[in-house]
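Q: Provided herewith is a single structure, encoded as structure tokens, for subsequent inquiry.
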Amino acid sequence: MATDKITFLTNWHATPYHAPLYLAQSRGYFNDEGLEVALLEPNDPSDVTEIIGSGKVDMGFKAMIHTLAAKARNFPVTSIGSLLDEPFTGVVYLKSSGITTDFKSLKGKRIGYVGEFGKIQIDELTKYYGMTADDYTAVRCGMNVTKAIIRGDIDAGIGLENVQMVELEEWLAGQGRPRDDVQMLRIDQLAELGCCCFCSILYIANDSFLAANQEKVGKFMRAVKRATDAVIADPAGAYEEYVDFKPVMGTAVNRKIFERSYAYFSRDLKNVARDWDKVTRYGKRLAVLPDGFEPNYTNAYLTWGLEPDSTDPVGDQKRMVDLQREVAEKGGFKRLEVSASA
Ligand SMILES: Cc1ncc(COP(=O)(O)O)c(C=O)c1O
């Protein structure tokens with residue numbers, strides 16, 4: 001039996017930064033485009049590209065590095081747009097762990113990672129800091145990195161500034177401890193990448209599905225763009241609707257995660273060519289991608305005006321640090337005005 005429904009697998013269990021996807025469903029934006037969409041959640045985030053690449057599911061969300069690696073491993077997928085642009089990712093630790101801003105302080109520590117690539121990234125970094133992969137213990141944690149830090153099972157773990165850091169900040173506050181006891185060693189800075197684009201979260205599609213359903217995919221992207229516009233225009237209202245649809249979003253921690261994710265939403269959903277070039281080079285450096293590998297993305301399904309690329313991506317990152325610090329301290333919804341050429 002066949003179904004006309006588009007199946008869509010998220011990169012993580014339902015999380016606050018998935019708001020545009022769920023809003024497109026709850027407001028009927030998919031239906032307005034004549035689409036029916038089944039939204040699915042993984043239990044192991046490392047399954048996602050394999051499931052989509054093998055055609056068991058049509059579309060989904062995944063980070064850039066995983067999307068590139070999927071193609072290299074013969075799970076053919078293509079990114080057709082961006083959900084989150086460059087959310088800061090790194091080794092998240094509590095000051096009490098003895099870890100400092102010096103990478104070498106990871107020596108002898110237990111570092112949690114989600115699925116696979118976190119370990120590959122840390123292993124590669126150890127070389128630059130005169131260490132080897134045996135100088136620390138890598139612990140695979142799946143979606144439980146925050147819990148493992150709280151339980152003391154690991155000394156630090158790979159996470160996002162707008163998710164795991166927020167969870168730990170709120171846990172610390174609940175214990176009467178200062179929120180800034182949680183810190184991050186940013187992987188992009190340690191690896192001198194100049195952007196956190198390897199962790200940009202993308203809309204991806206199975207290549208055969210894409211080839212056979214171009215019009216449908218264009219409609220899908222129109223629906224999520226409409227929802228993204230709605231989230232950016234009225235984040236508080238959009239979030240209330242998300243809570244109605246997914247009651248688990250209604251916690252204080254999830255509201256904070258949403259505030260901290262707001263600045264990272266891509267407004268035009270564009271795949272940024274410069275970022276793909278950088279991460280393709282990084283993937284080759286990590287030996288995850290072969291020489292001559294061509295990145296798998298297209299903006300062909302984004303049928304609205306795309307914004308010009310930023311003229312100062314490094315400056316944008318610095319301003320983003322300040323903006324996120326302000327949001328962490330004061331709350332609210334703030335976005336960066338990106339410096340773009342006219
Ligand atoms: C968003 C995101 N999650 C998780 C990871 C860690 O990768 P893995 O889940 O394969 O360990 C990365 C690595 O870049 C990432 O960008």
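By order of appearance in the structure tokens: chains A, B, ..., then residues from 1 within every chain, and ligands from 1 in the order shown.
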Tyr282 in chain A: which residues within 9 Å, counting only C-alpha atoms, same-chain residues fewer than 6 positions away excluded, as a list in words?

A: Ile65, Leu193, Phe198, Val288 and Leu289 of chain A

Q: As a ChimeraX atom specification, please: all residues of range 78-233 of chain A that backbone DSSP puts in strand (DSSP E).

A: /A:78-84,89-94,110-113,137-140,156-160,182-186,201-206

Q: Those selected residues, please, written with N, CA and C atoms and delivered as a CSV table (one decimal), in the first residue's frame.

A:
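Writing the result to again-v4.csv gives the following:
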```
chain,number,residue,atom,x,y,z
A,78,THR,N,19.7,15.4,0.3
A,78,THR,CA,20.1,16.7,-0.1
A,78,THR,C,19.5,17.7,0.9
A,79,SER,N,20.3,18.7,1.3
A,79,SER,CA,19.7,19.8,2.1
A,79,SER,C,18.9,20.8,1.1
A,80,ILE,N,17.7,21.1,1.5
A,80,ILE,CA,16.8,21.9,0.7
A,80,ILE,C,16.5,23.2,1.4
A,81,GLY,N,17.2,23.5,2.6
A,81,GLY,CA,16.9,24.7,3.3
A,81,GLY,C,17.5,24.6,4.7
A,82,SER,N,17.6,25.8,5.4
A,82,SER,CA,18.1,25.9,6.7
A,82,SER,C,17.0,26.2,7.7
A,83,LEU,N,17.0,25.5,8.8
A,83,LEU,CA,16.1,25.9,10.0
A,83,LEU,C,16.9,26.8,10.9
A,84,LEU,N,18.0,26.3,11.4
A,84,LEU,CA,18.8,27.1,12.4
A,84,LEU,C,20.2,27.4,11.7
A,89,THR,N,28.0,25.5,19.2
A,89,THR,CA,28.1,24.1,19.6
A,89,THR,C,29.4,23.9,20.2
A,90,GLY,N,29.5,23.1,21.3
A,90,GLY,CA,30.8,22.8,21.9
A,90,GLY,C,30.8,21.9,23.1
A,91,VAL,N,31.9,21.9,23.8
A,91,VAL,CA,32.0,21.1,25.0
A,91,VAL,C,31.4,21.9,26.1
A,92,VAL,N,30.3,21.4,26.7
A,92,VAL,CA,29.6,22.1,27.7
A,92,VAL,C,30.0,21.5,29.1
A,93,TYR,N,30.4,22.3,30.0
A,93,TYR,CA,31.0,21.8,31.3
A,93,TYR,C,30.6,22.7,32.4
A,94,LEU,N,30.6,22.2,33.6
A,94,LEU,CA,30.4,23.0,34.8
A,94,LEU,C,31.8,23.3,35.3
A,110,ARG,N,35.9,12.6,31.3
A,110,ARG,CA,34.9,11.8,30.6
A,110,ARG,C,34.0,12.8,29.8
A,111,ILE,N,34.1,12.7,28.5
A,111,ILE,CA,33.4,13.7,27.6
A,111,ILE,C,32.2,12.9,26.9
A,112,GLY,N,31.0,13.4,27.1
A,112,GLY,CA,29.8,12.8,26.5
A,112,GLY,C,29.7,13.4,25.1
A,113,TYR,N,29.2,12.6,24.2
A,113,TYR,CA,28.8,13.1,22.8
A,113,TYR,C,27.5,12.4,22.4
A,137,THR,N,38.1,10.1,28.0
A,137,THR,CA,37.2,9.0,27.8
A,137,THR,C,35.9,9.5,27.1
A,138,ALA,N,35.7,9.0,25.9
A,138,ALA,CA,34.5,9.4,25.2
A,138,ALA,C,33.3,8.5,25.6
A,139,VAL,N,32.1,9.2,25.9
A,139,VAL,CA,31.0,8.4,26.4
A,139,VAL,C,29.8,8.8,25.5
A,140,ARG,N,29.3,7.8,24.8
A,140,ARG,CA,28.1,8.1,23.9
A,140,ARG,C,26.8,8.2,24.7
A,156,ALA,N,31.8,16.5,31.1
A,156,ALA,CA,31.4,17.5,30.1
A,156,ALA,C,30.7,16.8,29.0
A,157,GLY,N,30.0,17.5,28.1
A,157,GLY,CA,29.4,16.9,27.0
A,157,GLY,C,29.2,17.8,25.8
A,158,ILE,N,29.1,17.3,24.7
A,158,ILE,CA,28.9,18.2,23.5
A,158,ILE,C,27.4,18.6,23.4
A,159,GLY,N,27.2,19.9,23.3
A,159,GLY,CA,25.8,20.4,23.3
A,159,GLY,C,25.8,21.7,22.6
A,160,LEU,N,24.5,22.2,22.5
A,160,LEU,CA,24.2,23.5,21.9
A,160,LEU,C,24.1,24.6,22.9
A,182,VAL,N,27.9,27.2,34.3
A,182,VAL,CA,28.0,26.3,33.1
A,182,VAL,C,28.7,27.2,32.0
A,183,GLN,N,29.7,26.5,31.3
A,183,GLN,CA,30.5,27.2,30.3
A,183,GLN,C,30.6,26.3,29.1
A,184,MET,N,31.1,26.9,28.0
A,184,MET,CA,31.3,26.1,26.8
A,184,MET,C,32.6,26.4,26.1
A,185,LEU,N,33.3,25.3,25.7
A,185,LEU,CA,34.5,25.4,24.8
A,185,LEU,C,33.9,25.2,23.4
A,186,ARG,N,33.9,26.3,22.7
A,186,ARG,CA,33.3,26.2,21.3
A,186,ARG,C,34.1,25.4,20.3
A,201,ILE,N,21.2,23.5,11.4
A,201,ILE,CA,20.2,22.4,11.3
A,201,ILE,C,19.4,22.7,10.0
A,202,LEU,N,19.3,21.6,9.2
A,202,LEU,CA,18.8,21.8,7.8
A,202,LEU,C,17.5,21.0,7.6
A,203,TYR,N,16.8,21.4,6.6
A,203,TYR,CA,15.7,20.6,6.0
A,203,TYR,C,16.4,19.7,5.0
A,204,ILE,N,16.2,18.4,5.2
A,204,ILE,CA,16.8,17.5,4.2
A,204,ILE,C,15.8,16.6,3.6
A,205,ALA,N,16.1,16.0,2.4
A,205,ALA,CA,15.2,15.1,1.7
A,205,ALA,C,15.9,14.0,1.1
A,206,ASN,N,15.3,12.8,1.0
A,206,ASN,CA,15.8,11.7,0.3
A,206,ASN,C,15.9,12.1,-1.2
```

Q: Given only C-alpha atoms and all ligand atoms, how would the per-residue table for chain A near ligand 1 read, listing every residue at most 6 Å away with its closest atom pair and distance in Å to one decimal, sorted by chain and number, as a Markdown table?

A:
```
| residue | atom | partner | partner_atom_place_in_ligand_line | distance |
| --- | --- | --- | --- | --- |
| A:Ala63 | CA | ligand 1 | 1 (C) | 5.2 |
| A:Ile65 | CA | ligand 1 | 14 (O) | 5.9 |
| A:Tyr113 | CA | ligand 1 | 11 (O) | 5.0 |
| A:Val114 | CA | ligand 1 | 11 (O) | 3.9 |
| A:Gly115 | CA | ligand 1 | 11 (O) | 3.6 |
| A:Glu116 | CA | ligand 1 | 10 (O) | 3.6 |
| A:Phe117 | CA | ligand 1 | 10 (O) | 3.5 |
| A:Gly118 | CA | ligand 1 | 11 (O) | 3.8 |
| A:Phe198 | CA | ligand 1 | 14 (O) | 5.5 |
| A:Cys199 | CA | ligand 1 | 16 (O) | 3.1 |
```

Q: Using only C-alpha atoms, determine which residues lie at most 6 Å from range 1-12 of chain A, disregarding the query and same-chain residues fewer than 2 positions distant; provide the list as a list in words.

A: Glu36, Val37, Ala38, Leu39, Leu40, Glu41, Pro45, Val57, Asp58, Met59, Gly60, Phe61 and Lys62 of chain A

Q: Filtering to C-alpha atoms, could you give me those residues as a PDB file, in the first residue's frame?

A:
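File produced: result-v7.pdb:
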```pdb
ATOM      1  CA  GLU A  36      -0.525  15.849   4.225  1.00  0.00           C
ATOM      2  CA  VAL A  37       2.522  15.495   6.427  1.00  0.00           C
ATOM      3  CA  ALA A  38       3.250  12.885   9.109  1.00  0.00           C
ATOM      4  CA  LEU A  39       5.709  14.247  11.676  1.00  0.00           C
ATOM      5  CA  LEU A  40       7.941  11.618  13.285  1.00  0.00           C
ATOM      6  CA  GLU A  41      10.496  11.811  16.111  1.00  0.00           C
ATOM      7  CA  PRO A  45      19.434  10.913  16.638  1.00  0.00           C
ATOM      8  CA  VAL A  57      11.251   8.337   5.442  1.00  0.00           C
ATOM      9  CA  ASP A  58      10.985  11.149   2.881  1.00  0.00           C
ATOM     10  CA  MET A  59      12.352  14.210   4.656  1.00  0.00           C
ATOM     11  CA  GLY A  60      13.708  15.472   7.950  1.00  0.00           C
ATOM     12  CA  PHE A  61      15.994  17.740   9.931  1.00  0.00           C
ATOM     13  CA  LYS A  62      19.698  17.150  10.439  1.00  0.00           C
TER      14      LYS A  62
END
```

Q: Check range 104-290 of chain A with DSSP on the backbone and list each residue it calls alpha helix (DSSP H), as a PyMOL selection string.

A: chain A and resi 117-128+145-151+164-174+187-190+207-212+214-233+235-245+252-262+273-285

Q: Show me, as CSV, the residues of range 9-89 of chain A having an atom within 10 Å of range 230-235 of chain A, each with the closest atom pair and its distance in Å, using only C-alpha atoms.

A:
```
residue,atom,partner,partner_atom,distance
A:Ala19,CA,A:Val231,CA,7.4
A:Pro20,CA,A:Val231,CA,6.5
A:Leu23,CA,A:Val231,CA,8.3
A:Ala24,CA,A:Ala230,CA,9.5
```

Q: Keeping only all heavy atoms, write those residues as a PDB file, in the first residue's frame.

A:
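Output below, filename result-v2.pdb:
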```
ATOM      1  N   ALA A  19       9.607  24.750  16.389  1.00  0.00           N
ATOM      2  CA  ALA A  19       8.330  25.477  16.348  1.00  0.00           C
ATOM      3  C   ALA A  19       7.801  25.706  14.923  1.00  0.00           C
ATOM      4  O   ALA A  19       6.612  25.472  14.671  1.00  0.00           O
ATOM      5  CB  ALA A  19       8.465  26.806  17.099  1.00  0.00           C
ATOM      6  N   PRO A  20       8.624  26.155  13.958  1.00  0.00           N
ATOM      7  CA  PRO A  20       8.039  26.418  12.623  1.00  0.00           C
ATOM      8  C   PRO A  20       7.422  25.170  11.985  1.00  0.00           C
ATOM      9  O   PRO A  20       6.373  25.255  11.335  1.00  0.00           O
ATOM     10  CB  PRO A  20       9.246  26.908  11.797  1.00  0.00           C
ATOM     11  CG  PRO A  20      10.224  27.426  12.803  1.00  0.00           C
ATOM     12  CD  PRO A  20      10.051  26.554  14.015  1.00  0.00           C
ATOM     13  N   LEU A  23       4.165  24.382  13.776  1.00  0.00           N
ATOM     14  CA  LEU A  23       3.182  25.437  13.489  1.00  0.00           C
ATOM     15  C   LEU A  23       2.611  25.266  12.076  1.00  0.00           C
ATOM     16  O   LEU A  23       1.416  25.481  11.857  1.00  0.00           O
ATOM     17  CB  LEU A  23       3.863  26.802  13.631  1.00  0.00           C
ATOM     18  CG  LEU A  23       2.931  27.962  13.937  1.00  0.00           C
ATOM     19  CD1 LEU A  23       2.343  27.840  15.335  1.00  0.00           C
ATOM     20  CD2 LEU A  23       3.679  29.290  13.808  1.00  0.00           C
ATOM     21  N   ALA A  24       3.468  24.873  11.140  1.00  0.00           N
ATOM     22  CA  ALA A  24       2.987  24.636   9.771  1.00  0.00           C
ATOM     23  C   ALA A  24       1.911  23.545   9.781  1.00  0.00           C
ATOM     24  O   ALA A  24       0.937  23.600   9.026  1.00  0.00           O
ATOM     25  CB  ALA A  24       4.148  24.245   8.864  1.00  0.00           C
TER      26      ALA A  24
END
```

Q: Restricting the calculation to only C-alpha atoms, which member of A:Val48, A:Val217, A:Leu336, A:Met165 is positioned closest to Gly34 in chain A?

A: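 Of the candidates, the smallest distance to Gly34 in chain A is held by A:Val217.
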
Q: Compile the contact shell of Ala273 in chain A as a JSON list (two decimals) with all heavy atoms, in the first residue's frame: residues with an atom at most 12 Å away, counting only C-alpha atoms, same-chain residues fewer than 2 positions apart removed.

A:
```json
[["chain", "number", "residue", "atom", "x", "y", "z"],
["A", 64, "MET", "N", 24.46, 19.99, 9.43],
["A", 64, "MET", "CA", 25.18, 20.00, 8.15],
["A", 64, "MET", "C", 26.22, 18.88, 8.06],
["A", 64, "MET", "O", 26.33, 18.20, 7.05],
["A", 64, "MET", "CB", 25.83, 21.35, 7.92],
["A", 64, "MET", "CG", 26.33, 21.54, 6.50],
["A", 64, "MET", "SD", 27.14, 23.14, 6.23],
["A", 64, "MET", "CE", 25.77, 24.28, 6.29],
["A", 79, "SER", "N", 20.25, 18.75, 1.27],
["A", 79, "SER", "CA", 19.66, 19.82, 2.07],
["A", 79, "SER", "C", 18.91, 20.76, 1.14],
["A", 79, "SER", "O", 19.44, 21.22, 0.13],
["A", 79, "SER", "CB", 20.74, 20.61, 2.81],
["A", 79, "SER", "OG", 20.16, 21.79, 3.35],
["A", 81, "GLY", "N", 17.16, 23.46, 2.59],
["A", 81, "GLY", "CA", 16.94, 24.71, 3.30],
["A", 81, "GLY", "C", 17.49, 24.63, 4.71],
["A", 81, "GLY", "O", 17.86, 23.55, 5.18],
["A", 82, "SER", "N", 17.58, 25.79, 5.36],
["A", 82, "SER", "CA", 18.11, 25.87, 6.73],
["A", 82, "SER", "C", 17.01, 26.20, 7.72],
["A", 82, "SER", "O", 16.17, 27.07, 7.45],
["A", 82, "SER", "CB", 19.17, 26.96, 6.83],
["A", 82, "SER", "OG", 20.24, 26.71, 5.95],
["A", 197, "CYS", "N", 28.93, 26.58, 11.43],
["A", 197, "CYS", "CA", 28.00, 26.13, 10.39],
["A", 197, "CYS", "C", 27.89, 24.61, 10.32],
["A", 197, "CYS", "O", 26.89, 24.09, 9.82],
["A", 197, "CYS", "CB", 28.39, 26.71, 9.05],
["A", 197, "CYS", "SG", 30.12, 27.06, 8.85],
["A", 270, "LYS", "N", 17.70, 29.94, 3.57],
["A", 270, "LYS", "CA", 18.74, 29.70, 2.55],
["A", 270, "LYS", "C", 19.86, 28.78, 3.04],
["A", 270, "LYS", "O", 20.31, 28.88, 4.18],
["A", 270, "LYS", "CB", 19.32, 31.08, 2.19],
["A", 270, "LYS", "CG", 20.41, 31.08, 1.15],
["A", 270, "LYS", "CD", 20.89, 32.50, 0.90],
["A", 270, "LYS", "CE", 21.47, 33.14, 2.15],
["A", 270, "LYS", "NZ", 22.07, 34.44, 1.93],
["A", 271, "ASN", "N", 20.34, 27.92, 2.14],
["A", 271, "ASN", "CA", 21.63, 27.24, 2.35],
["A", 271, "ASN", "C", 22.71, 28.25, 1.99],
["A", 271, "ASN", "O", 22.71, 28.79, 0.87],
["A", 271, "ASN", "CB", 21.76, 26.05, 1.40],
["A", 271, "ASN", "CG", 20.97, 24.85, 1.87],
["A", 271, "ASN", "OD1", 21.30, 24.25, 2.90],
["A", 271, "ASN", "ND2", 19.92, 24.50, 1.13],
["A", 275, "ASP", "N", 29.19, 28.64, 3.88],
["A", 275, "ASP", "CA", 29.19, 27.70, 5.00],
["A", 275, "ASP", "C", 29.38, 26.27, 4.50],
["A", 275, "ASP", "O", 30.13, 25.49, 5.09],
["A", 275, "ASP", "CB", 27.88, 27.79, 5.79],
["A", 275, "ASP", "CG", 27.73, 29.14, 6.50],
["A", 275, "ASP", "OD1", 28.70, 29.91, 6.49],
["A", 275, "ASP", "OD2", 26.64, 29.40, 7.04],
["A", 276, "TRP", "N", 28.70, 25.93, 3.41],
["A", 276, "TRP", "CA", 28.84, 24.57, 2.86],
["A", 276, "TRP", "C", 30.27, 24.32, 2.40],
["A", 276, "TRP", "O", 30.79, 23.22, 2.58],
["A", 276, "TRP", "CB", 27.85, 24.37, 1.70],
["A", 276, "TRP", "CG", 26.47, 24.06, 2.20],
["A", 276, "TRP", "CD1", 25.46, 24.96, 2.43],
["A", 276, "TRP", "CD2", 25.95, 22.78, 2.57],
["A", 276, "TRP", "NE1", 24.36, 24.30, 2.92],
["A", 276, "TRP", "CE2", 24.63, 22.97, 3.00],
["A", 276, "TRP", "CE3", 26.47, 21.49, 2.56],
["A", 276, "TRP", "CZ2", 23.82, 21.92, 3.43],
["A", 276, "TRP", "CZ3", 25.68, 20.44, 2.99],
["A", 276, "TRP", "CH2", 24.37, 20.66, 3.42],
["A", 277, "ASP", "N", 30.90, 25.33, 1.82],
["A", 277, "ASP", "CA", 32.30, 25.18, 1.40],
["A", 277, "ASP", "C", 33.19, 24.89, 2.61],
["A", 277, "ASP", "O", 34.03, 23.99, 2.59],
["A", 277, "ASP", "CB", 32.81, 26.45, 0.71],
["A", 277, "ASP", "CG", 32.17, 26.61, -0.66],
["A", 277, "ASP", "OD1", 31.58, 25.63, -1.15],
["A", 277, "ASP", "OD2", 32.24, 27.72, -1.22],
["A", 278, "LYS", "N", 32.98, 25.68, 3.66],
["A", 278, "LYS", "CA", 33.81, 25.53, 4.87],
["A", 278, "LYS", "C", 33.63, 24.15, 5.49],
["A", 278, "LYS", "O", 34.60, 23.50, 5.87],
["A", 278, "LYS", "CB", 33.39, 26.56, 5.92],
["A", 278, "LYS", "CG", 34.09, 27.88, 5.78],
["A", 278, "LYS", "CD", 33.84, 28.71, 7.01],
["A", 278, "LYS", "CE", 34.35, 30.11, 6.74],
["A", 278, "LYS", "NZ", 33.78, 31.10, 7.61],
["A", 279, "VAL", "N", 32.39, 23.72, 5.60],
["A", 279, "VAL", "CA", 32.14, 22.46, 6.29],
["A", 279, "VAL", "C", 32.56, 21.27, 5.42],
["A", 279, "VAL", "O", 32.99, 20.24, 5.94],
["A", 279, "VAL", "CB", 30.67, 22.36, 6.76],
["A", 279, "VAL", "CG1", 30.43, 21.07, 7.54],
["A", 279, "VAL", "CG2", 30.32, 23.55, 7.63],
["A", 280, "THR", "N", 32.49, 21.44, 4.10],
["A", 280, "THR", "CA", 33.00, 20.38, 3.22],
["A", 280, "THR", "C", 34.51, 20.24, 3.43],
["A", 280, "THR", "O", 35.02, 19.11, 3.55],
["A", 280, "THR", "CB", 32.67, 20.71, 1.74],
["A", 280, "THR", "OG1", 31.25, 20.80, 1.63],
["A", 280, "THR", "CG2", 33.18, 19.63, 0.80],
["A", 294, "GLU", "N", 31.57, 16.65, -3.49],
["A", 294, "GLU", "CA", 30.76, 17.84, -3.78],
["A", 294, "GLU", "C", 29.62, 17.94, -2.78],
["A", 294, "GLU", "O", 28.89, 16.96, -2.59],
["A", 294, "GLU", "CB", 30.19, 17.77, -5.20],
["A", 294, "GLU", "CG", 31.22, 17.94, -6.30],
["A", 294, "GLU", "CD", 31.86, 19.33, -6.30],
["A", 294, "GLU", "OE1", 31.16, 20.31, -5.98],
["A", 294, "GLU", "OE2", 33.07, 19.41, -6.60],
["A", 295, "PRO", "N", 29.44, 19.10, -2.13],
["A", 295, "PRO", "CA", 28.37, 19.20, -1.12],
["A", 295, "PRO", "C", 26.97, 19.05, -1.70],
["A", 295, "PRO", "O", 26.72, 19.41, -2.85],
["A", 295, "PRO", "CB", 28.58, 20.60, -0.54],
["A", 295, "PRO", "CG", 29.44, 21.33, -1.51],
["A", 295, "PRO", "CD", 30.24, 20.31, -2.25],
["A", 296, "ASN", "N", 26.08, 18.50, -0.88],
["A", 296, "ASN", "CA", 24.73, 18.14, -1.31],
["A", 296, "ASN", "C", 23.68, 19.11, -0.77],
["A", 296, "ASN", "O", 23.03, 18.83, 0.23],
["A", 296, "ASN", "CB", 24.41, 16.70, -0.88],
["A", 296, "ASN", "CG", 24.87, 16.38, 0.54],
["A", 296, "ASN", "OD1", 25.81, 16.99, 1.06],
["A", 296, "ASN", "ND2", 24.22, 15.43, 1.17],
["A", 297, "TYR", "N", 23.56, 20.24, -1.43],
["A", 297, "TYR", "CA", 22.51, 21.20, -1.05],
["A", 297, "TYR", "C", 22.01, 21.90, -2.29],
["A", 297, "TYR", "O", 22.70, 21.95, -3.31],
["A", 297, "TYR", "CB", 23.04, 22.22, -0.03],
["A", 297, "TYR", "CG", 24.02, 23.22, -0.62],
["A", 297, "TYR", "CD1", 23.58, 24.45, -1.11],
["A", 297, "TYR", "CD2", 25.38, 22.93, -0.69],
["A", 297, "TYR", "CE1", 24.46, 25.35, -1.67],
["A", 297, "TYR", "CE2", 26.27, 23.83, -1.26],
["A", 297, "TYR", "CZ", 25.80, 25.05, -1.74],
["A", 297, "TYR", "OH", 26.69, 25.93, -2.29],
["A", 298, "THR", "N", 20.80, 22.44, -2.17],
["A", 298, "THR", "CA", 20.24, 23.26, -3.25],
["A", 298, "THR", "C", 19.27, 24.28, -2.65],
["A", 298, "THR", "O", 18.62, 24.00, -1.63],
["A", 298, "THR", "CB", 19.49, 22.39, -4.28],
["A", 298, "THR", "OG1", 18.86, 23.26, -5.22],
["A", 298, "THR", "CG2", 18.41, 21.51, -3.66],
["A", 299, "ASN", "N", 19.22, 25.44, -3.27],
["A", 299, "ASN", "CA", 18.21, 26.43, -2.86],
["A", 299, "ASN", "C", 17.06, 26.49, -3.87],
["A", 299, "ASN", "O", 16.26, 27.41, -3.85],
["A", 299, "ASN", "CB", 18.87, 27.82, -2.72],
["A", 299, "ASN", "CG", 19.72, 27.89, -1.46],
["A", 299, "ASN", "OD1", 19.39, 27.30, -0.43],
["A", 299, "ASN", "ND2", 20.83, 28.62, -1.52],
["A", 308, "PRO", "N", 20.86, 38.65, 0.65],
["A", 308, "PRO", "CA", 22.27, 38.58, 0.27],
["A", 308, "PRO", "C", 23.10, 38.01, 1.41],
["A", 308, "PRO", "O", 22.70, 38.13, 2.57],
["A", 308, "PRO", "CB", 22.66, 40.03, -0.03],
["A", 308, "PRO", "CG", 21.61, 40.86, 0.64],
["A", 308, "PRO", "CD", 20.37, 40.04, 0.75],
["A", 309, "ASP", "N", 24.22, 37.40, 1.08],
["A", 309, "ASP", "CA", 25.09, 36.86, 2.14],
["A", 309, "ASP", "C", 25.63, 37.99, 3.00],
["A", 309, "ASP", "O", 25.85, 39.11, 2.51],
["A", 309, "ASP", "CB", 26.27, 36.11, 1.51],
["A", 309, "ASP", "CG", 25.83, 34.76, 0.95],
["A", 309, "ASP", "OD1", 24.68, 34.36, 1.21],
["A", 309, "ASP", "OD2", 26.64, 34.13, 0.25],
["A", 310, "SER", "N", 25.88, 37.68, 4.25],
["A", 310, "SER", "CA", 26.49, 38.66, 5.14],
["A", 310, "SER", "C", 27.87, 39.03, 4.62],
["A", 310, "SER", "O", 28.61, 38.19, 4.10],
["A", 310, "SER", "CB", 26.62, 38.04, 6.54],
["A", 310, "SER", "OG", 27.50, 38.82, 7.30]]
```

Q: Any chance you could tabulate, as CSV, the residues of range 182-249 of chain A at most 9 Å from range 314-330 of chain A with each one's nearest atom pair and distance in Å to one decimal, using only C-alpha atoms, in chain and rising number order?

A:
```
residue,atom,partner,partner_atom,distance
A:Gly194,CA,A:Val314,CA,6.6
A:Cys195,CA,A:Val314,CA,7.4
A:Cys196,CA,A:Gln317,CA,8.8
```

Q: Could you jot down the CA of Gln25 in chain A to CA of Ala227 in chain A separation for me, Å, one decimal place?

A: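 Computing the Euclidean distance for CA of Gln25 in chain A and CA of Ala227 in chain A yields 9.0 Å.
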
Q: Name the residues in contact with Ala252 in chain A at a cut-off of 12 Å, using only C-alpha atoms, excluding same-chain residues fewer than 2 positions from it; report them as an MDAnalysis selection string.

A: chainID A and resid 16 166:167 169:171 174 243 248:250 254:259 331
